[in-house]
Every structure is written in structure tokens, then in C-alpha cells.
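To keep things clear, I will list the structure first and then write my remarks on it.
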Amino acid sequence: MDVSIIVPTYNEAPNVAELVRRVSAAVQGREAEIIFVDDSTDDTPDVVRAVAASASLPVRLIHRDEKVGGLGGAVVEGFRAAQSDTCLVMDGDLQHPPEKIPELLDRAARGDVDVVVASRYAGGGTSTGLADRTRVLVSKASTAVTKAMFPVKLRDVTDPMTGFFVVDRRAIELETLRPRGFKILLEILARKSFRIAEVDFDFADRHAGESKASFLQGLHFITQLAALRFGKMSLFAVVGGLGAVVNLLIVWALTSMGVNYVIAAVIGAEVTIIGNFLLIERFVFHDMRHAASSVWWRFAKSFGFNNAEALIRIPIMALMVETWHISSVIATGITLVVAFFVRFVFHSLVVYAPKKGAKPSAARAVLEEIDEQAMQPGEI
Ligand code: GDD
Ligand code: MN
């Protein structure tokens, strides 16, 4: 099998026969299959079965009873079911011209990239099929914002929101994907660094039926962006926040027992530092441990940094208490927030830095690292 063509469908009955006809013609001479991953409430499944019976290539149907993850979830299901590692994803409404398939596959077959993106915004590509001016504007603006949020990973991609692409399944870690809604390509590209090529295409008008894009999809998209971008950092923040609360409680308990606030702060800091390290090892950077230095070396770096930081933080705090006459609890709170960002960057870049062989240029490496680590998926 040369390629598995994955088509997510939601109520596309009038488009199925024409799609299969044009795809079949386009992939002539190649061994291909079409997999419809369907969440329809209309008679799309029946139409697919009927068309499959007389098609010149294998046409498979996966009908899902629960549309988990929507369009994106359907595509991931298609990846799992595919016979070929080369998976081509396209919409079922013929806005993605099947005649482009050979060019995409030929590009992929050169073997130097993991993903080939069919782009509306590269070279001669167009997006005239987008319903109206508002959608064109929304599409362009969200593409710009997305690229700005992932400057390194999306550096070679003009259209990270397209639904038309080829990917080598072996290059994606399917378990790390959290598909929700329409932007499955972005979900894939933001997780890991890929070698990417683009081919331009004209986004056509719908063959029949209506777009399923909605305001809700827009919301999905925004939460997806936030989760992708801030996944690891927000977990780090949760752990840090927890530590801060414990720290404050210790300071409060000890000072109310009559302990000097500087001593109370030192005890609070040490307990928090050790607790934080154990928590981030387990929950935040667990996926980076294997590539990083040994656990004791990581602990040494983390402990050393946090103590140095606390050493600076406690005198600053004391100064704030003495000169501004604010409470030691509030002063601890303020300094902890400032310290948070510094600490995240240090842990991402130094404590959990992968042991490297050959190095790329220093500036590039730093950029890649920040990009990579700030948006690793996190799990609570
Ligand atoms: N299985 C499944 N489940 N398929 C779905 C679902 C769902 O919940 N929602 C939509 N689809 C299918 C549609 O039936 C269609 O085949 C394809 O996904 C795209 O849906 P459209 O409703 O046609 O979306 P669009 O044209 O507004 O947007 C498409 O093009 C954009 C630009 O390339 C999508 O591919 C977007 O992701 C893409 O950004
Ligand atoms: Mn469409």
C-alpha cells in the first residue's frame, strides 16, 4: 500500500461519490485506500458502502458512535486504522482538489520530510473557497497569531490550519495528540519538530452541502492554542502555586509561633524546594527525564538554583518588609511570582536539558529549546 487517504466526514452524503471518483482517477497507478472516518447523522455511511462496492480501490468506512475530538479525533482514528504509514488527510467536500494528490505524494516520496502541507498561502495557492470575507480575515489573522506563537516549529509553514496534508505516521507520536476540533495539523506540528515541505493549492468551493465550521470551533481553536502553547508551563505553575501556598502556610505558622520571619522563610523555602522538585520530576518534566542528566545531577542543579534564588529572594523580601512595611507573607508572595518565570526557564533549559551530541548553532539551539519545552504537552 502506497498511501492511505483519510477523509473525515460529517454529513457529506452528496459529496462521497464524486470524491471517490476524482480521488480514484488521481491515484491511478498507485496502491491506495480511502478511509472515511464518519460521525454523520445523515445517510453518509450508506452512501459510502454503496460507493465502496463499485470503487476501483479499497474504500473503508469507520463510523463512530461518539464523535470524540470531532474532525481531529476522526483523523487520528484514521491514522490508527491506516494500512500505509503514508497518510494523506483531506476534507470530504472537495474543497481540497484530489488532482493535487500526486504532487503531494511525489513530494513526500522524496523522503527528506515528514510532513507535506498543501497550503493556501504559499506561492500560487489561493483561499477563494472560504465562505466570505470574514472567514478570509479570520483565517489570515489566526494563521498569523498561530505562527507568532510557534515561531520555530511553524517557521517553514505558511498554512498550519490547512486540512490537506501528507504525513508519515511513524514520525508522529499519536499518544501525545489531544485532538479537539478542526485544527489537527496544528496539533501535530506544535508537539514536535518536523521536517516540513509545502505545496500550494487552490482551496475550492464546496461541492455540495454546508461548512461545519462554527463559533464553537473557534472556541476549540483558542483553547487548543492555549493548551499547546502553555501546557508545560501551566503545569509548572500549578506545582509552583501549590509550593507557594505551602511556603506561605509554613511562614505563617512559624511566625505566629513566634519564630523570626527570616528563619521561618528559610525553613519554608527548603521544604518547598524539595517538594517542588519531586512534583515536577513526576508531573511536569517526566517525559524529558530519560534524555536529561541523572536524577541526582538534576536535583543538584534544581536545589542549587532554588537556594541561590532563595538567597537573593529572602534579603529582597526582608528589604521590602523593612522599607515598605508590608507583611512578610505578602512580600514572600510577590517575590515568588517574580521567581516563577526565572525558575521555569532555568528548569526547561538547564535542569532538564537533553544531553546533546552534535550541536546546532548556539542561538538556534536556545530558541529551539525554549520553543520545545514551553509547549510540551503536560498531563495532570
Ligand atoms: N468525522 C468528522 N467529525 N468529520 C467532520 C466533523 C466531525 O465532527 N466536522 C467536520 N467534519 C468533516 C467535514 O465533513 C468535512 O469533510 C471536513 O471535516 C471539513 O469540514 P468543513 O465543514 O468542510 O470545514 P471547512 O471547509 O469550514 O474548513 C476546512 O478547511 C479549512 C481550510 O483548509 C477544514 O479542513 C479546516 O480544518 C481547514 O482549516
Ligand atoms: Mn469544507
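Just so we're on the same page: first chain in the C-alpha cells is A, next is B, and so on; residues restart at 1 for each chain, and ligands are numbered from 1 in the order they show up.
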
Between chain A and ligand 2, at 6 Å or less, what are the per-residue closest atom pairs and their distances in Å? Count only C-alpha atoms and all ligand atoms, order by chain and rising residue number, and return it as a Markdown table.
```
| residue | atom | partner | partner_atom_place_in_ligand_line | distance |
| --- | --- | --- | --- | --- |
| A:Asp93 | CA | ligand 2 | 1 (Mn) | 5.6 |
| A:Gln95 | CA | ligand 2 | 1 (Mn) | 5.6 |
| A:Ser211 | CA | ligand 2 | 1 (Mn) | 5.3 |
```

Give me a file of those residues, with N, CA and C atoms, as a tab-separated table (two decimals), in the first residue's frame.
```tsv
chain	number	residue	atom	x	y	z
A	93	ASP	N	-15.46	17.35	1.19
A	93	ASP	CA	-16.40	18.20	0.46
A	93	ASP	C	-15.82	18.73	-0.85
A	95	GLN	N	-13.31	20.59	-1.32
A	95	GLN	CA	-12.62	21.88	-1.30
A	95	GLN	C	-11.12	21.66	-1.48
A	211	SER	N	-20.60	24.15	5.25
A	211	SER	CA	-19.46	24.03	6.16
A	211	SER	C	-19.95	23.74	7.58
```

Excluding same-chain residues fewer than 2 positions from Leu225 (chain A), what lies within 10 Å of it counting only C-alpha atoms, as an NGL selection string? :A and (145-146 or 149-150 or 183 or 186-187 or 190 or 219-223 or 227-231 or 375)

Same residues, C-alpha atoms, saved as an mmCIF file, in the first residue's frame:
```cif
data_model
loop_
_atom_site.group_PDB
_atom_site.id
_atom_site.type_symbol
_atom_site.label_atom_id
_atom_site.label_comp_id
_atom_site.auth_asym_id
_atom_site.auth_seq_id
_atom_site.Cartn_x
_atom_site.Cartn_y
_atom_site.Cartn_z
ATOM 1 C CA VAL A 145 -1.218 34.679 15.565
ATOM 2 C CA THR A 146 -0.516 30.968 15.489
ATOM 3 C CA MET A 149 3.084 31.743 18.985
ATOM 4 C CA PHE A 150 5.145 28.921 17.452
ATOM 5 C CA LYS A 183 -7.004 22.067 13.580
ATOM 6 C CA LEU A 186 -1.559 22.360 14.128
ATOM 7 C CA GLU A 187 -1.987 19.803 16.905
ATOM 8 C CA ALA A 190 3.090 22.073 17.602
ATOM 9 C CA LEU A 219 -13.513 28.422 20.850
ATOM 10 C CA HIS A 220 -11.997 24.959 20.450
ATOM 11 C CA PHE A 221 -9.231 26.548 18.455
ATOM 12 C CA ILE A 222 -8.433 29.121 21.127
ATOM 13 C CA THR A 223 -8.322 26.537 23.927
ATOM 14 C CA ALA A 227 -3.095 24.230 25.789
ATOM 15 C CA LEU A 228 -0.424 23.645 23.160
ATOM 16 C CA ARG A 229 1.481 26.769 23.972
ATOM 17 C CA PHE A 230 1.297 26.739 27.725
ATOM 18 C CA GLY A 231 0.914 23.054 28.503
ATOM 19 C CA MET A 375 4.877 23.835 24.962
#
```

Long-range neighbours of region 244-256 of chain A as a list in words, 9 Å cut-off, only C-alpha atoms, 6 positions minimum in chain: Val262, Ile263, Ala264, Ala265, Val266, Ile267, Gly268, Ala269, Glu270, Val271, Thr272, Ser328, Val329, Ile330, Thr332, Gly333, Leu336 and Val337 of chain A

Looking only at strand (DSSP E) from DSSP on the backbone, list the matching residues of region 130-271 of chain A as a list in words. Phe165, Val166, Val167, Asp168, Ile196, Ala197, Glu198, Val199 and Asp200 of chain A

Can you tell me which residues surround Gly209 (chain A) at a distance of at most 10 Å, considering only C-alpha atoms, apart from same-chain residues fewer than 5 positions away, and format the answer as JSON, numbers by chain? {"A": [11, 12, 13, 14, 15, 93]}

Keeping C-alpha atoms for every residue in the selection just given, could you write it to a file as a compact mmCIF listing (two decimals), in the first residue's frame?
```txt
# COMPACT_ATOMS: atom_id res chain seq x y z
CA ASN A 11 -22.98 14.68 6.84
CA GLU A 12 -21.32 14.69 3.43
CA ALA A 13 -23.60 12.22 1.63
CA PRO A 14 -23.89 14.20 -1.64
CA ASN A 15 -20.09 14.52 -1.92
CA ASP A 93 -16.40 18.20 0.46
```

Alpha helix (DSSP H) call set, DSSP backbone run, region 50-109 of chain A, as a count of residues only: 26

Give as number ranges by chain the residues surrounding ligand 1 up to a distance of 6 Å, considering only C-alpha atoms and all ligand atoms. A: 8-12, 37-39, 67, 70-71, 74, 91-93, 161-163, 182-183, 211-213

Could you tell me which of A:Leu189, A:Ala204, A:Ala144, A:Met317 comes closest to Gly129 (chain A) if we count only C-alpha atoms? A:Ala204

Tell me which protein, DNA and RNA residues are within 10 Å of Tyr352 (chain A), counting only C-alpha atoms, leaving out same-chain ones fewer than 6 positions away, and put them as a PyMOL selection string. chain A and resi 281+285-295+298+301-302+346+373
